[in-house]
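Undergrad: So here's my_file.cif (mmCIF, C-alpha atoms and all ligand atoms).
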```cif
data_target
loop_
_atom_site.label_atom_id
_atom_site.label_comp_id
_atom_site.auth_asym_id
_atom_site.auth_seq_id
_atom_site.Cartn_x
_atom_site.Cartn_y
_atom_site.Cartn_z
CA MET N 1 64.59 -42.28 34.44
CA ARG N 2 64.62 -45.67 32.76
CA LYS N 3 66.00 -48.48 34.83
CA LYS N 4 69.04 -50.38 33.52
CA LEU N 5 68.25 -54.09 33.36
CA LYS N 6 70.72 -56.87 33.88
CA ILE N 7 68.99 -60.02 32.74
CA GLY N 8 69.32 -63.62 33.81
CA LEU N 9 67.72 -65.82 31.16
CA PHE N 10 66.34 -69.27 31.92
CA GLY N 11 65.87 -71.41 28.81
CA PHE N 12 67.36 -71.19 25.32
CA GLY N 13 64.72 -72.95 23.24
CA CYS N 14 62.74 -71.45 20.41
CA VAL N 15 61.71 -68.30 22.33
CA GLY N 16 64.91 -67.98 24.42
CA GLN N 17 67.10 -67.97 21.34
CA GLY N 18 64.67 -65.62 19.60
CA LEU N 19 64.94 -63.20 22.52
CA TYR N 20 68.76 -63.38 22.44
CA GLU N 21 68.74 -62.38 18.77
CA VAL N 22 65.98 -59.79 19.04
CA LEU N 23 67.63 -58.14 22.05
CA ASN N 24 70.98 -57.99 20.25
CA GLN N 25 69.28 -56.27 17.31
CA SER N 26 67.31 -53.79 19.38
CA GLN N 27 69.07 -50.43 19.51
CA LEU N 28 66.41 -48.93 21.73
CA LEU N 29 66.74 -50.83 24.94
CA ASP N 30 69.30 -50.59 27.73
CA ALA N 31 69.11 -54.22 28.79
CA LYS N 32 71.69 -56.97 28.56
CA ILE N 33 71.55 -60.72 29.01
CA GLU N 34 74.27 -61.34 31.60
CA LYS N 35 73.78 -65.06 32.14
CA ILE N 36 71.86 -67.92 30.54
CA VAL N 37 70.90 -71.04 32.47
CA VAL N 38 69.76 -74.15 30.58
CA LYS N 39 68.95 -77.71 31.66
CA THR N 40 70.75 -80.02 29.25
CA LYS N 41 74.51 -80.11 28.87
CA GLY N 42 76.15 -80.71 25.50
CA LYS N 43 73.05 -79.92 23.40
CA LYS N 44 73.74 -78.31 20.01
CA ARG N 45 72.84 -74.62 20.32
CA ALA N 46 73.24 -71.55 18.13
CA ILE N 47 75.85 -69.97 20.42
CA ALA N 48 78.94 -71.45 22.09
CA GLU N 49 78.71 -73.71 25.16
CA GLU N 50 80.69 -71.23 27.31
CA ASN N 51 77.69 -68.85 27.24
CA PHE N 52 75.64 -71.26 29.34
CA SER N 53 75.42 -72.33 32.95
CA TYR N 54 73.46 -75.31 34.29
CA ILE N 55 73.01 -74.02 37.83
CA ALA N 56 69.94 -71.90 38.60
CA ASP N 57 71.69 -70.16 41.51
CA ASP N 58 74.25 -68.68 39.13
CA ILE N 59 71.45 -66.29 38.24
CA LEU N 60 69.29 -66.36 41.37
CA GLU N 61 72.16 -65.69 43.80
CA ASP N 62 73.79 -63.05 41.62
CA PRO N 63 72.94 -59.67 43.22
CA THR N 64 73.89 -57.77 40.05
CA ILE N 65 71.07 -59.42 38.08
CA ASN N 66 67.84 -57.46 38.62
CA CYS N 67 65.58 -59.17 36.08
CA VAL N 68 64.85 -62.85 35.46
CA VAL N 69 63.39 -63.88 32.12
CA GLU N 70 61.88 -67.33 32.50
CA LEU N 71 61.38 -69.16 29.20
CA ILE N 72 61.49 -72.82 30.17
CA ASP N 73 59.02 -75.55 29.41
CA ASP N 74 58.55 -77.15 32.80
CA ALA N 75 55.90 -75.30 34.85
CA ASN N 76 56.94 -76.86 38.19
CA ALA N 77 60.60 -75.98 37.78
CA ALA N 78 59.53 -72.51 36.60
CA LEU N 79 57.48 -72.00 39.78
CA ASP N 80 60.56 -72.61 41.96
CA ILE N 81 62.67 -70.27 39.86
CA VAL N 82 60.10 -67.47 39.81
CA LEU N 83 59.32 -67.60 43.55
CA LYS N 84 63.02 -67.62 44.40
CA ALA N 85 63.67 -64.73 42.00
CA PHE N 86 60.95 -62.67 43.73
CA LYS N 87 62.48 -63.42 47.14
CA LYS N 88 65.83 -62.19 45.84
CA GLY N 89 64.19 -58.91 44.76
CA LYS N 90 64.33 -59.60 41.03
CA HIS N 91 61.63 -58.61 38.54
CA VAL N 92 60.35 -61.49 36.44
CA VAL N 93 59.20 -61.79 32.84
CA SER N 94 57.63 -65.12 31.92
CA ALA N 95 55.98 -66.68 28.86
CA ASN N 96 54.87 -69.79 30.75
CA LYS N 97 51.08 -69.90 30.44
CA LYS N 98 50.72 -73.16 32.38
CA LEU N 99 52.73 -71.81 35.30
CA ILE N 100 50.70 -68.62 35.33
CA ALA N 101 47.25 -70.19 34.87
CA GLU N 102 47.88 -72.71 37.66
CA ASN N 103 49.40 -70.29 40.18
CA LEU N 104 48.29 -66.78 39.27
CA ASP N 105 47.03 -65.52 42.65
CA LEU N 106 50.01 -67.04 44.45
CA LEU N 107 52.43 -65.39 42.03
CA ILE N 108 50.67 -62.02 42.18
CA GLN N 109 50.86 -62.05 45.98
CA ALA N 110 54.48 -63.22 46.07
CA ALA N 111 55.56 -60.48 43.64
CA LYS N 112 53.64 -57.91 45.68
CA ASP N 113 55.21 -59.07 48.96
CA ALA N 114 58.65 -58.80 47.39
CA GLY N 115 57.91 -55.38 45.84
CA VAL N 116 58.85 -56.52 42.33
CA SER N 117 57.09 -56.69 38.96
CA PHE N 118 55.80 -59.85 37.32
CA VAL N 119 54.79 -59.48 33.66
CA TYR N 120 53.88 -62.07 31.03
CA GLU N 121 52.53 -60.58 27.82
CA ALA N 122 54.18 -63.35 25.78
CA ALA N 123 52.16 -66.01 27.61
CA VAL N 124 48.94 -65.05 25.80
CA CYS N 125 48.67 -64.83 22.00
CA GLY N 126 52.39 -64.34 21.30
CA SER N 127 53.00 -60.96 19.71
CA ILE N 128 49.50 -59.52 20.30
CA PRO N 129 49.63 -56.99 23.17
CA ILE N 130 46.34 -58.21 24.55
CA ILE N 131 47.03 -58.20 28.30
CA ARG N 132 48.45 -54.68 28.28
CA ASN N 133 45.47 -53.45 26.23
CA ILE N 134 42.96 -55.05 28.57
CA GLU N 135 44.82 -53.67 31.59
CA GLU N 136 45.25 -50.13 30.28
CA TYR N 137 42.86 -49.32 27.46
CA TYR N 138 39.77 -51.12 28.72
CA ASN N 139 40.26 -50.39 32.40
CA ASN N 140 37.20 -48.12 32.49
CA ASP N 141 35.05 -50.01 30.02
CA ALA N 142 33.02 -52.99 31.23
CA LEU N 143 33.78 -55.93 28.96
CA SER N 144 30.85 -58.04 27.87
CA GLY N 145 33.00 -60.74 26.36
CA LEU N 146 36.07 -61.81 24.49
CA GLU N 147 36.72 -64.68 22.16
CA GLY N 148 39.25 -65.77 19.66
CA ILE N 149 42.09 -67.92 18.49
CA CYS N 150 44.69 -68.18 21.24
CA ASN N 151 46.63 -71.18 19.94
CA GLY N 152 48.77 -70.93 16.81
CA THR N 153 49.39 -74.65 16.37
CA THR N 154 45.72 -75.60 16.08
CA ASN N 155 44.97 -72.66 13.79
CA TYR N 156 47.87 -73.77 11.60
CA ILE N 157 46.54 -77.36 11.54
CA LEU N 158 42.97 -76.23 10.78
CA THR N 159 44.23 -73.98 7.97
CA LYS N 160 46.37 -76.69 6.39
CA THR N 161 43.80 -79.48 6.74
CA GLY N 162 41.28 -77.07 5.15
CA GLU N 163 43.70 -76.85 2.18
CA GLY N 164 43.79 -80.64 1.91
CA LYS N 165 46.87 -81.60 3.99
CA SER N 166 46.59 -84.49 6.41
CA TYR N 167 46.22 -83.74 10.11
CA ASP N 168 49.50 -85.55 10.95
CA GLN N 169 51.47 -83.70 8.30
CA ALA N 170 50.08 -80.32 9.44
CA LEU N 171 50.93 -81.10 13.07
CA SER N 172 54.46 -82.16 12.24
CA GLU N 173 54.97 -78.92 10.25
CA ALA N 174 53.72 -76.92 13.25
CA GLN N 175 56.26 -78.78 15.39
CA GLU N 176 59.11 -78.13 12.94
CA LEU N 177 58.22 -74.44 12.77
CA GLY N 178 58.45 -74.19 16.56
CA PHE N 179 54.76 -73.40 17.14
CA ALA N 180 53.76 -76.55 19.01
CA GLU N 181 54.43 -77.30 22.68
CA SER N 182 56.97 -80.09 23.33
CA ASP N 183 53.90 -82.15 24.26
CA PRO N 184 51.51 -81.20 21.42
CA THR N 185 48.58 -82.73 23.33
CA LEU N 186 48.53 -79.40 25.16
CA ASP N 187 47.82 -77.67 21.84
CA VAL N 188 45.47 -80.09 20.10
CA ASP N 189 43.35 -80.88 23.16
CA GLY N 190 42.88 -77.21 24.02
CA PHE N 191 44.90 -77.05 27.27
CA ASP N 192 47.22 -74.31 26.03
CA ALA N 193 44.23 -72.25 24.83
CA LYS N 194 42.60 -72.78 28.22
CA TYR N 195 45.63 -71.56 30.20
CA LYS N 196 45.62 -68.41 28.05
CA LEU N 197 41.88 -67.96 28.58
CA GLN N 198 42.34 -68.25 32.35
CA ILE N 199 44.92 -65.46 32.26
CA LEU N 200 42.58 -63.31 30.16
CA LEU N 201 39.71 -64.01 32.58
CA LYS N 202 41.79 -62.53 35.38
CA HIS N 203 42.68 -59.36 33.54
CA ALA N 204 39.37 -58.84 31.71
CA PHE N 205 36.90 -59.76 34.45
CA GLY N 206 38.98 -59.97 37.63
CA ILE N 207 38.20 -63.63 38.23
CA THR N 208 40.53 -66.46 39.17
CA THR N 209 39.77 -69.93 37.84
CA ALA N 210 41.42 -73.30 38.37
CA PRO N 211 42.23 -75.30 35.21
CA LYS N 212 39.69 -77.94 36.25
CA ASP N 213 36.87 -75.34 36.26
CA VAL N 214 37.33 -74.45 32.62
CA PHE N 215 36.23 -76.92 29.93
CA ASN N 216 38.74 -77.54 27.15
CA TYR N 217 38.08 -79.58 24.07
CA GLY N 218 40.36 -79.48 21.04
CA ILE N 219 40.58 -80.54 17.42
CA ARG N 220 42.33 -83.91 17.63
CA HIS N 221 39.30 -85.87 16.37
CA ILE N 222 38.14 -83.66 13.53
CA LYS N 223 37.29 -85.70 10.40
CA ILE N 224 37.12 -84.72 6.77
CA ASN N 225 33.32 -85.13 7.03
CA ASP N 226 33.21 -82.39 9.71
CA SER N 227 35.31 -80.07 7.54
CA ASN N 228 33.02 -80.83 4.59
CA TYR N 229 29.90 -80.05 6.66
CA ALA N 230 31.49 -76.72 7.63
CA LYS N 231 32.39 -75.90 4.01
CA GLU N 232 28.91 -76.75 2.72
CA LYS N 233 27.30 -74.45 5.27
CA GLY N 234 29.80 -71.61 4.68
CA TYR N 235 31.55 -71.98 8.04
CA ARG N 236 35.21 -72.10 8.97
CA ILE N 237 36.28 -74.05 12.04
CA LYS N 238 38.45 -72.28 14.60
CA LEU N 239 39.52 -73.34 18.08
CA PHE N 240 38.20 -70.53 20.26
CA SER N 241 38.92 -69.49 23.80
CA LYS N 242 35.70 -67.79 24.80
CA ALA N 243 34.41 -65.78 27.76
CA HIS N 244 31.02 -64.14 27.83
CA ARG N 245 29.01 -62.22 30.38
CA ILE N 246 25.59 -63.80 30.96
CA GLY N 247 22.83 -63.42 33.49
CA PRO N 248 23.06 -60.78 36.20
CA ASN N 249 26.82 -60.93 36.86
CA GLN N 250 28.27 -64.19 35.59
CA ILE N 251 31.00 -65.11 33.14
CA ALA N 252 30.74 -68.21 30.99
CA GLY N 253 34.07 -69.44 29.67
CA PHE N 254 35.45 -72.44 27.78
CA VAL N 255 37.66 -73.68 24.94
CA ALA N 256 36.15 -75.59 22.01
CA PRO N 257 36.12 -75.65 18.22
CA HIS N 258 33.66 -73.11 16.81
CA MET N 259 32.03 -73.00 13.40
CA ILE N 260 31.99 -69.35 12.38
CA TYR N 261 30.57 -67.45 9.41
CA SER N 262 32.44 -64.93 7.26
CA ASN N 263 30.88 -62.11 9.28
CA HIS N 264 33.01 -63.13 12.27
CA GLN N 265 36.10 -60.95 12.60
CA ALA N 266 38.36 -63.99 13.08
CA TYR N 267 37.10 -65.79 9.94
CA HIS N 268 40.07 -64.81 7.77
CA VAL N 269 42.71 -65.37 10.46
CA GLU N 270 44.81 -68.30 9.27
CA ASN N 271 48.02 -70.27 9.93
CA GLU N 272 49.81 -69.47 13.20
CA PHE N 273 48.07 -66.12 13.51
CA ASN N 274 45.98 -65.52 16.63
CA ALA N 275 43.04 -63.17 16.97
CA VAL N 276 41.07 -61.86 19.90
CA VAL N 277 37.75 -60.06 19.51
CA VAL N 278 37.09 -57.94 22.58
CA GLU N 279 33.56 -56.73 23.14
CA ALA N 280 33.12 -53.75 25.44
CA LEU N 281 30.13 -51.76 26.56
CA PHE N 282 31.23 -48.46 25.02
CA SER N 283 33.79 -49.34 22.34
CA ASP N 284 31.82 -52.35 21.02
CA GLN N 285 33.80 -55.03 19.13
CA GLN N 286 37.51 -54.67 18.46
CA LEU N 287 39.80 -57.17 16.79
CA PHE N 288 43.43 -57.82 17.71
CA VAL N 289 45.43 -59.94 15.25
CA GLY N 290 49.05 -61.08 15.19
CA LYS N 291 51.39 -64.02 15.16
CA GLY N 292 50.59 -66.13 18.18
CA ALA N 293 53.49 -68.56 18.09
CA GLY N 294 57.04 -68.84 16.81
CA SER N 295 60.42 -67.63 17.91
CA TYR N 296 60.59 -63.94 16.96
CA PRO N 297 56.89 -63.02 17.43
CA THR N 298 56.88 -64.46 20.96
CA ALA N 299 60.30 -62.96 21.69
CA SER N 300 58.95 -59.55 20.60
CA ALA N 301 56.37 -59.73 23.41
CA VAL N 302 59.09 -60.69 25.93
CA LEU N 303 61.15 -57.75 24.65
CA SER N 304 58.20 -55.44 25.15
CA ASP N 305 57.83 -56.67 28.75
CA ILE N 306 61.53 -56.10 29.38
CA SER N 307 61.14 -52.60 27.98
CA ALA N 308 58.09 -52.00 30.22
CA LEU N 309 60.16 -53.05 33.23
CA THR N 310 62.70 -50.35 32.49
CA PHE N 311 59.82 -47.97 33.34
CA ASP N 312 58.88 -50.00 36.45
CA TYR N 313 55.67 -51.22 34.85
CA GLN N 314 53.45 -53.65 36.70
CA TYR N 315 49.92 -54.94 36.16
CA GLU N 316 47.32 -53.44 38.45
CA TYR N 317 44.58 -56.08 38.03
CA LYS N 318 42.05 -53.25 38.07
CA LYS N 319 39.12 -55.51 37.23
CA SER N 320 39.83 -57.57 40.38
CA LYS N 321 39.23 -54.52 42.53
CA VAL N 322 35.54 -53.91 41.72
CA ALA N 323 33.01 -54.14 44.57
CA GLU N 324 31.21 -57.18 43.19
CA LEU N 325 33.25 -59.60 41.12
CA PRO N 326 31.38 -61.66 38.54
CA ALA N 327 31.14 -65.40 39.19
CA PHE N 328 32.48 -67.97 36.75
CA THR N 329 29.70 -70.25 35.54
CA ASN N 330 29.20 -73.38 33.45
CA ASN N 331 25.45 -73.12 33.72
CA PHE N 332 24.19 -72.11 30.26
CA LYS N 333 23.14 -73.62 26.95
CA VAL N 334 24.92 -73.58 23.60
CA LYS N 335 24.06 -74.78 20.14
CA VAL N 336 26.41 -77.49 18.86
CA TYR N 337 27.21 -79.63 15.86
CA VAL N 338 28.12 -83.26 16.64
CA GLY N 339 29.51 -85.58 13.96
CA SER N 340 30.34 -89.26 14.33
CA THR N 341 30.94 -92.49 12.48
CA ASN N 342 28.76 -94.09 15.16
CA ARG N 343 25.10 -93.53 14.29
CA SER N 344 23.81 -94.54 17.72
CA LEU N 345 25.99 -91.96 19.46
CA ILE N 346 24.41 -89.22 17.37
CA ARG N 347 20.91 -90.55 17.97
CA VAL N 348 21.22 -90.53 21.75
CA PHE N 349 23.39 -87.43 22.13
CA PRO N 350 21.91 -85.51 25.09
CA PHE N 351 20.37 -82.54 23.30
CA ILE N 352 17.84 -80.35 25.11
CA GLN N 353 16.47 -79.68 21.67
CA ARG N 354 17.71 -81.33 18.44
CA ASP N 355 17.30 -79.22 15.30
CA GLU N 356 18.79 -81.32 12.53
CA ILE N 357 19.94 -84.93 12.07
CA PHE N 358 21.69 -86.60 9.16
CA GLN N 359 22.45 -90.32 8.95
CA SER N 360 24.30 -92.32 6.29
CA GLU N 361 26.42 -95.43 5.92
CA SER N 362 29.66 -93.52 6.40
CA TYR N 363 28.92 -90.51 8.61
CA ASN N 364 26.25 -88.99 10.81
CA TYR N 365 25.70 -85.63 12.40
CA ALA N 366 23.18 -83.66 14.36
CA THR N 367 22.82 -80.09 15.56
CA GLY N 368 20.92 -78.73 18.52
CA TRP N 369 20.99 -77.06 21.91
CA VAL N 370 22.79 -78.66 24.86
CA ASP N 371 23.09 -77.99 28.56
CA PHE N 372 26.78 -77.04 28.72
CA GLY N 373 27.00 -77.98 32.40
CA GLN N 374 25.93 -81.48 31.49
CA ILE N 375 28.15 -82.09 28.48
CA ARG N 376 31.29 -80.58 30.04
CA LYS N 377 31.60 -83.64 32.29
CA TYR N 378 32.51 -85.84 29.29
CA ASN N 379 36.12 -86.12 28.24
CA PHE N 380 35.49 -85.60 24.53
CA ASN N 381 39.24 -85.32 23.90
CA GLN N 382 39.33 -89.10 24.45
CA GLU N 383 36.36 -89.90 22.16
CA GLU N 384 37.91 -90.69 18.83
CA SER N 385 34.66 -91.40 17.01
CA LEU N 386 33.07 -88.06 17.80
CA PHE N 387 33.68 -84.41 16.89
CA LEU N 388 31.83 -81.53 18.45
CA ALA N 389 31.82 -77.84 17.53
CA ILE N 390 29.96 -74.80 18.82
CA LEU N 391 27.63 -73.12 16.32
CA PRO N 392 27.34 -69.31 15.96
CA GLU N 393 24.14 -68.86 17.99
CA PRO N 394 24.84 -66.85 21.17
CA ILE N 395 25.18 -68.73 24.44
CA VAL N 396 22.21 -68.18 26.73
CA THR N 397 21.14 -68.80 30.30
CA LEU N 398 19.51 -72.16 30.87
CA CYS N 399 15.85 -72.28 31.86
CA LYS N 400 15.21 -74.21 35.05
CA ASP N 401 13.38 -77.27 33.72
CA GLU N 402 15.23 -77.57 30.38
CA SER N 403 17.98 -79.93 31.46
CA ASP N 404 15.57 -82.14 33.47
CA SER N 405 14.05 -83.39 30.22
CA VAL N 406 17.37 -84.70 28.89
CA SER N 407 18.42 -88.30 29.31
CA SER N 408 22.13 -89.11 28.97
CA GLU N 409 22.08 -92.73 30.17
CA GLU N 410 22.16 -94.39 26.75
CA PHE N 411 24.80 -91.94 25.55
CA GLU N 412 27.02 -92.71 28.53
CA THR N 413 26.64 -96.46 28.02
CA LEU N 414 27.69 -96.10 24.39
CA LEU N 415 30.70 -93.96 25.32
CA GLU N 416 31.89 -96.64 27.71
CA GLU N 417 31.75 -99.38 25.06
N1 LIG N 501 52.04 -73.81 21.36
C1 LIG N 501 51.63 -72.46 21.45
C2 LIG N 501 50.74 -72.14 20.27
C3 LIG N 501 52.84 -71.56 21.45
O1 LIG N 501 50.72 -72.93 19.31
O2 LIG N 501 50.05 -71.13 20.29
C4 LIG N 501 52.55 -70.12 21.77
O3 LIG N 501 51.99 -69.96 23.05
#
```
Have the structure of the file written as structure tokens, please.
Ligand code: HSE
TA:
Amino acid sequence: MRKKLKIGLFGFGCVGQGLYEVLNQSQLLDAKIEKIVVKTKGKKRAIAEENFSYIADDILEDPTINCVVELIDDANAALDIVLKAFKKGKHVVSANKKLIAENLDLLIQAAKDAGVSFVYEAAVCGSIPIIRNIEEYYNNDALSGLEGICNGTTNYILTKTGEGKSYDQALSEAQELGFAESDPTLDVDGFDAKYKLQILLKHAFGITTAPKDVFNYGIRHIKINDSNYAKEKGYRIKLFSKAHRIGPNQIAGFVAPHMIYSNHQAYHVENEFNAVVVEALFSDQQLFVGKGAGSYPTASAVLSDISALTFDYQYEYKKSKVAELPAFTNNFKVKVYVGSTNRSLIRVFPFIQRDEIFQSESYNYATGWVDFGQIRKYNFNQEESLFLAILPEPIVTLCKDESDSVSSEEFETLLEE
């Protein structure tokens, strides 16, 4: 029999309000929002002030509430709420990717100890049911990789700048439309896409990563010259979260802009849409597409989690239970494009092998293979004069002596200037 859910909702922002409306419209679900706790008093909201409380314990200490839906912005405050909710025997639905990426094993254990469910489909790619599919559909198929667009804001910016809008205008539209994080650095520097990738790594390959292990580089410093290079070569630029099996039993994973050809399944995915291409041993490549940000699309994933809880659903983390877990690695080589206004930076960029170089008065670029382990130590998000993107060639294991031949001294000196 389906469980009746009495919900305590934390947060009434873009997704919280969306959930309120979506839940009121849903005829199919026996679940009711009993209480809503928010942080700020006196803020203008779509429903009357008397619907809100400002005290977390109004939900957490209420024994009639059996499900907490956590949709707040602050990952630290969310951690307190979620752990306390578990202790009080309440199931939890969350959309907080930062909270989950930073504390996943702790949260899994705490939910298990308390005998409750913890589900978070809305935390990864909004309305795309990617976690549930990886958990259930692919549980018997070894995945060789997954990659795709996991951040709606950056895809929206890349689409609009490709149509001629300025970067700043596109970002402010993404903010107005409710796609961007309250601190949009998390979107444009690839942190949000990284948190989502970390969650996918757990479900798809069974591995836990810390945010510092996974390289994230975003689109903040893309220039019109980089977009023009992409157009001339027939590429589109997309911010990808990528994980790929390499070597005997290793998983390479990172977030970076990718230049992709029209034969890539995510090529036509524009605006706030997200896309994940899953590659499995038996089923080969499959594409999942849907709205990855915004009020109703994200709320629809929360609604689906609430519905799953009425059937006592919980993730089983099946890929974590294999005899030999793969190891996360940054030891591989990739082919990159690097563009810069600074000619010297391009000349001394630490390529293992440089394939192409172009220099002019106004802009310079080069392409070639790099030792990923070596370049991941640079904070490219802070390097305004440089833009880097991964080219379509597959990532490959590094040969032993390849990186020894590369000198990065001059490059590092120039970066410091
Ligand atoms: N800021 C996020 C994005 C919201 O743009 O994808 C959805 O997680």
Undergrad: Please identify all polymer residues within 10 Å of Pro257 in chain N, counting only C-alpha atoms, omitting same-chain residues fewer than 2 positions from it, and present them as a PyMOL selection string.
TA: chain N and resi 149+154+190+216-219+222+236-241+255+259-260+336+387-391
Undergrad: Can you pull out every residue with an atom within 10 Å of ligand LIG 501 (chain N)? Use all atoms listed in the file and format it as a PDB file with C-alpha atoms, in the frame of the given file.
TA:
```
ATOM      1  CA  CYS N  14      62.740 -71.450  20.410  1.00  0.00           C
ATOM      2  CA  VAL N  15      61.710 -68.300  22.330  1.00  0.00           C
ATOM      3  CA  ALA N  95      55.980 -66.680  28.860  1.00  0.00           C
ATOM      4  CA  ASN N  96      54.870 -69.790  30.750  1.00  0.00           C
ATOM      5  CA  LYS N  97      51.080 -69.900  30.440  1.00  0.00           C
ATOM      6  CA  LYS N  98      50.720 -73.160  32.380  1.00  0.00           C
ATOM      7  CA  ALA N 122      54.180 -63.350  25.780  1.00  0.00           C
ATOM      8  CA  ALA N 123      52.160 -66.010  27.610  1.00  0.00           C
ATOM      9  CA  VAL N 124      48.940 -65.050  25.800  1.00  0.00           C
ATOM     10  CA  CYS N 125      48.670 -64.830  22.000  1.00  0.00           C
ATOM     11  CA  GLY N 126      52.390 -64.340  21.300  1.00  0.00           C
ATOM     12  CA  SER N 127      53.000 -60.960  19.710  1.00  0.00           C
ATOM     13  CA  ILE N 149      42.090 -67.920  18.490  1.00  0.00           C
ATOM     14  CA  CYS N 150      44.690 -68.180  21.240  1.00  0.00           C
ATOM     15  CA  ASN N 151      46.630 -71.180  19.940  1.00  0.00           C
ATOM     16  CA  GLY N 152      48.770 -70.930  16.810  1.00  0.00           C
ATOM     17  CA  THR N 153      49.390 -74.650  16.370  1.00  0.00           C
ATOM     18  CA  THR N 154      45.720 -75.600  16.080  1.00  0.00           C
ATOM     19  CA  ASN N 155      44.970 -72.660  13.790  1.00  0.00           C
ATOM     20  CA  TYR N 156      47.870 -73.770  11.600  1.00  0.00           C
ATOM     21  CA  ILE N 157      46.540 -77.360  11.540  1.00  0.00           C
ATOM     22  CA  ALA N 174      53.720 -76.920  13.250  1.00  0.00           C
ATOM     23  CA  GLN N 175      56.260 -78.780  15.390  1.00  0.00           C
ATOM     24  CA  GLY N 178      58.450 -74.190  16.560  1.00  0.00           C
ATOM     25  CA  PHE N 179      54.760 -73.400  17.140  1.00  0.00           C
ATOM     26  CA  ALA N 180      53.760 -76.550  19.010  1.00  0.00           C
ATOM     27  CA  GLU N 181      54.430 -77.300  22.680  1.00  0.00           C
ATOM     28  CA  SER N 182      56.970 -80.090  23.330  1.00  0.00           C
ATOM     29  CA  ASP N 183      53.900 -82.150  24.260  1.00  0.00           C
ATOM     30  CA  PRO N 184      51.510 -81.200  21.420  1.00  0.00           C
ATOM     31  CA  THR N 185      48.580 -82.730  23.330  1.00  0.00           C
ATOM     32  CA  LEU N 186      48.530 -79.400  25.160  1.00  0.00           C
ATOM     33  CA  ASP N 187      47.820 -77.670  21.840  1.00  0.00           C
ATOM     34  CA  VAL N 188      45.470 -80.090  20.100  1.00  0.00           C
ATOM     35  CA  PHE N 191      44.900 -77.050  27.270  1.00  0.00           C
ATOM     36  CA  ASP N 192      47.220 -74.310  26.030  1.00  0.00           C
ATOM     37  CA  ALA N 193      44.230 -72.250  24.830  1.00  0.00           C
ATOM     38  CA  TYR N 195      45.630 -71.560  30.200  1.00  0.00           C
ATOM     39  CA  LYS N 196      45.620 -68.410  28.050  1.00  0.00           C
ATOM     40  CA  GLU N 272      49.810 -69.470  13.200  1.00  0.00           C
ATOM     41  CA  PHE N 273      48.070 -66.120  13.510  1.00  0.00           C
ATOM     42  CA  ASN N 274      45.980 -65.520  16.630  1.00  0.00           C
ATOM     43  CA  LYS N 291      51.390 -64.020  15.160  1.00  0.00           C
ATOM     44  CA  GLY N 292      50.590 -66.130  18.180  1.00  0.00           C
ATOM     45  CA  ALA N 293      53.490 -68.560  18.090  1.00  0.00           C
ATOM     46  CA  GLY N 294      57.040 -68.840  16.810  1.00  0.00           C
ATOM     47  CA  SER N 295      60.420 -67.630  17.910  1.00  0.00           C
ATOM     48  CA  PRO N 297      56.890 -63.020  17.430  1.00  0.00           C
ATOM     49  CA  THR N 298      56.880 -64.460  20.960  1.00  0.00           C
TER      50      THR N 298
END
```
Undergrad: What is the distance between CA of Glu232 in chain N and CA of Ala256 in chain N, in Å to one decimal?
TA: 20.6 Å
Undergrad: Which residue is closest to Tyr315 in chain N? Choose from N:Leu60, N:Ala31, N:Leu106, N:Ile134 and count all atoms listed in the file.
TA: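 Smallest distance to Tyr315 in chain N is found for N:Ile134.
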Undergrad: Using only C-alpha atoms for the distances, tell me which of N:His203, N:Arg354, N:Lys377, N:Lys88 is nearest to Asn139 in chain N.
TA: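 Once distances to Asn139 in chain N are computed over only C-alpha atoms, the minimum belongs to N:His203.
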Undergrad: Please list as a PyMOL selection string every residue within 12 Å of range 410-414 of chain N, counting all atoms listed in the file and excluding residues in the same chain fewer than 4 positions away.
TA: chain N and resi 342-351+374-375+377-380+383+385-386+406
Undergrad: Leaving out Leu23 in chain N and any residue of its chain fewer than 4 positions from it, which residues lie within 12 Å of it when counting all atoms listed in the file, given as an MDAnalysis selection string?
TA: chainID N and resid 7 9 15:19 27:33 296 299:307
Undergrad: Which of these residues is nearest to Lys231 in chain N, using only C-alpha atoms: N:Val322, N:Leu5, N:Glu163, N:Ser117?
TA: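 Using only C-alpha atoms, the shortest distance to Lys231 in chain N belongs to N:Glu163.
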Undergrad: Quick one: residues within 9 Å of Lys335 in chain N, all atoms listed in the file counted, chain neighbours fewer than 2 positions away excluded, as a list in words?
TA: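 That gives Lys333, Tyr337, Thr367, Gly368, Trp369, Val370, Ala389, Ile390, Leu391, Pro392, Glu393, Pro394 and Ile395 of chain N.
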Undergrad: Calculate how many Å separate CA of His221 in chain N from CA of Leu177 in chain N, rounding to one decimal.
TA: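 According to the coordinates, CA of His221 in chain N and CA of Leu177 in chain N are separated by 22.4 Å.
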Undergrad: Of the residues N:Ala204, N:Met1, N:Ile128, N:Ala323, which is the one nearest to Leu287 in chain N, using all atoms listed in the file?
TA: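 Checking each candidate against Leu287 in chain N, we get N:Ile128 as the closest.
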Undergrad: Could you please determine the separation between CA of Ser283 in chain N and CA of Ile207 in chain N in Å, to one decimal place?
TA: 21.8 Å
Undergrad: Which residue is closest to Thr341 in chain N? Choose from N:Gly115, N:Ser362, N:Tyr120, N:Lys87 and count all atoms listed in the file.
TA: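 Among N:Gly115, N:Ser362, N:Tyr120, N:Lys87, it is N:Ser362 that comes nearest to Thr341 in chain N.
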Undergrad: Draw an axis-aligned box tight on the listed atoms of range 306-325 of chain N, then pad every side by 8 Å and write out centre and edge lengths in Å to one decimal as JSON.
TA:
```
{"center_x": 47.0, "center_y": -53.8, "center_z": 36.3, "size_x": 47.5, "size_y": 27.6, "size_z": 32.6}
```
